[in-house]
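Reviewing the structure listed below.
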Amino acid sequence: MLMSVLGLFGSAFFAATILPFYSEVVLFALLRQGGDPLLLLLVATTGNTLGSLVNWWMGLYLLRFQNRRWFYFSPAQITRAQSWFQRYGYWTLLLAWLPIGGDPLTLVAGIMKIRLGVFLPLVAIGKGLRYVAVIYFSAWW
């Protein structure tokens, strides 16, 4: 079971970074195998939030490399996320769990130097609620 929990943590962590991954599938499989929902919720939320922290950190330091070939986000994505962020404020971080746009939001939060004390709780709440929904709907499956 420890390897499964570590696998969930890893999948949740990588799903929140710029690497494509689907931690919900891993969570669902572990729930179907009888895993403890509370433990799995805590592990997935922690991993996913820490993965978003990597994006925040990258936003703090890597924007100067945005014109490099290897830079993941396009200038249009960054501009769109910055505009959204300026319009709606740091509350948009509650939407960091979204499959499209969530990762750029956490990167932009770093670019805009959102304080870590604001960033972490909002991202963790949003991501945790997503995993709560997966757990809830997996009980119906």
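Scheme for the structure tokens: letters A, B, ... for chains in order shown; per-chain residue numbers from 1; ligand numbers from 1 in order shown.
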
So which residues of chain A fall under helix (DSSP H, G or I) by DSSP, listed as JSON, numbers by chain?
{"A": [2, 3, 4, 5, 6, 7, 8, 9, 10, 11, 12, 13, 14, 15, 16, 23, 24, 25, 26, 27, 28, 29, 30, 31, 32, 37, 38, 39, 40, 41, 42, 43, 44, 45, 46, 47, 48, 49, 50, 51, 52, 53, 54, 55, 56, 57, 58, 59, 60, 61, 63, 64, 65, 75, 76, 77, 78, 79, 80, 81, 82, 83, 84, 85, 86, 87, 88, 89, 90, 91, 92, 93, 94, 95, 102, 103, 104, 105, 106, 107, 108, 109, 110, 111, 116, 117, 118, 119, 120, 121, 122, 123, 124, 125, 126, 127, 128, 129, 130, 131, 132, 133, 134, 135, 136, 137, 138, 139, 140]}

Might you pull out every residue within 9 Å of stretch 54-70 of chain A, with only C-alpha atoms counted and same-chain residues fewer than 6 positions away left off, and present them as a ChimeraX atom specification?
/A:16-18,103-114,116,119

Just checking: using only C-alpha atoms, which residue out of A:Gly117, A:Gly34, A:Pro75, A:Gly126 ends up closest to A:Leu98?
A:Gly126

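One distance worth recording is that between atom CA of A:Glu24 and atom CA of A:Arg115, which is 28.1 Å.
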
Counting only C-alpha atoms, what is within 12 Å of A:Val132, bar same-chain residues fewer than 2 positions away, as a PDB file with C-alpha atoms, in the first residue's frame?
ATOM      1  CA  GLU A  24      -7.544  11.520 -10.586  1.00  0.00           C
ATOM      2  CA  LEU A  27      -6.842   8.157  -6.985  1.00  0.00           C
ATOM      3  CA  PHE A  28      -9.922   6.466  -8.427  1.00  0.00           C
ATOM      4  CA  LEU A  31     -10.251   3.989  -3.984  1.00  0.00           C
ATOM      5  CA  PRO A  37     -10.334   7.952   1.311  1.00  0.00           C
ATOM      6  CA  LEU A  38      -9.060  10.427   3.935  1.00  0.00           C
ATOM      7  CA  LEU A  39      -5.441   9.304   3.618  1.00  0.00           C
ATOM      8  CA  LEU A  40      -5.656   9.349  -0.180  1.00  0.00           C
ATOM      9  CA  LEU A  41      -7.265  12.814  -0.108  1.00  0.00           C
ATOM     10  CA  LEU A  42      -4.444  14.176   2.059  1.00  0.00           C
ATOM     11  CA  ALA A  44      -3.183  13.703  -3.395  1.00  0.00           C
ATOM     12  CA  THR A  45      -3.883  17.239  -2.182  1.00  0.00           C
ATOM     13  CA  ALA A 124      -4.679  23.629  -1.512  1.00  0.00           C
ATOM     14  CA  ILE A 125      -8.383  24.356  -0.972  1.00  0.00           C
ATOM     15  CA  GLY A 126      -9.169  24.270  -4.691  1.00  0.00           C
ATOM     16  CA  LYS A 127      -7.163  21.132  -5.343  1.00  0.00           C
ATOM     17  CA  GLY A 128      -8.493  19.429  -2.238  1.00  0.00           C
ATOM     18  CA  LEU A 129     -12.094  20.096  -3.272  1.00  0.00           C
ATOM     19  CA  ARG A 130     -11.404  18.544  -6.658  1.00  0.00           C
ATOM     20  CA  VAL A 134     -13.404  12.412  -7.201  1.00  0.00           C
ATOM     21  CA  ILE A 135     -13.842  10.509  -3.926  1.00  0.00           C
ATOM     22  CA  TYR A 136     -17.532  11.364  -3.771  1.00  0.00           C
ATOM     23  CA  PHE A 137     -18.248  10.284  -7.348  1.00  0.00           C
ATOM     24  CA  SER A 138     -16.108   7.145  -7.069  1.00  0.00           C
ATOM     25  CA  ALA A 139     -18.490   5.920  -4.336  1.00  0.00           C
TER      26      ALA A 139
END

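Checking A:Ala12, A:Phe73, A:Val43, A:Gly102 one by one against A:Phe85, counting only C-alpha atoms, you find the shortest gap at A:Gly102.
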
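Using only C-alpha atoms, the shortest contact distance between A:Leu8 and any of A:Trp91, A:Phe71, A:Tyr22, A:Trp97 is found at A:Tyr22.
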
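Among A:Val123, A:Ile78, A:Leu93, A:Leu53, the residue with the shortest atom-to-atom distance to A:Phe13, counting only C-alpha atoms, is A:Leu53.
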
Do you know which residues are at most 7 Å from A:Phe21 counting only C-alpha atoms, after dropping those on the same chain fewer than 6 positions away, and could you put them as a compact mmCIF listing (two decimals) with C-alpha atoms, in the first residue's frame?
# COMPACT_ATOMS: atom_id res chain seq x y z
CA SER A 11 1.17 11.44 -9.95
CA PHE A 14 3.57 15.84 -11.60
CA ALA A 15 -0.02 16.58 -12.61

Residue contacts of A:Ser4 (9 Å, only C-alpha atoms) excluding same-chain residues fewer than 5 positions away, as a list in words:
Phe9, Val26 and Leu30 of chain A
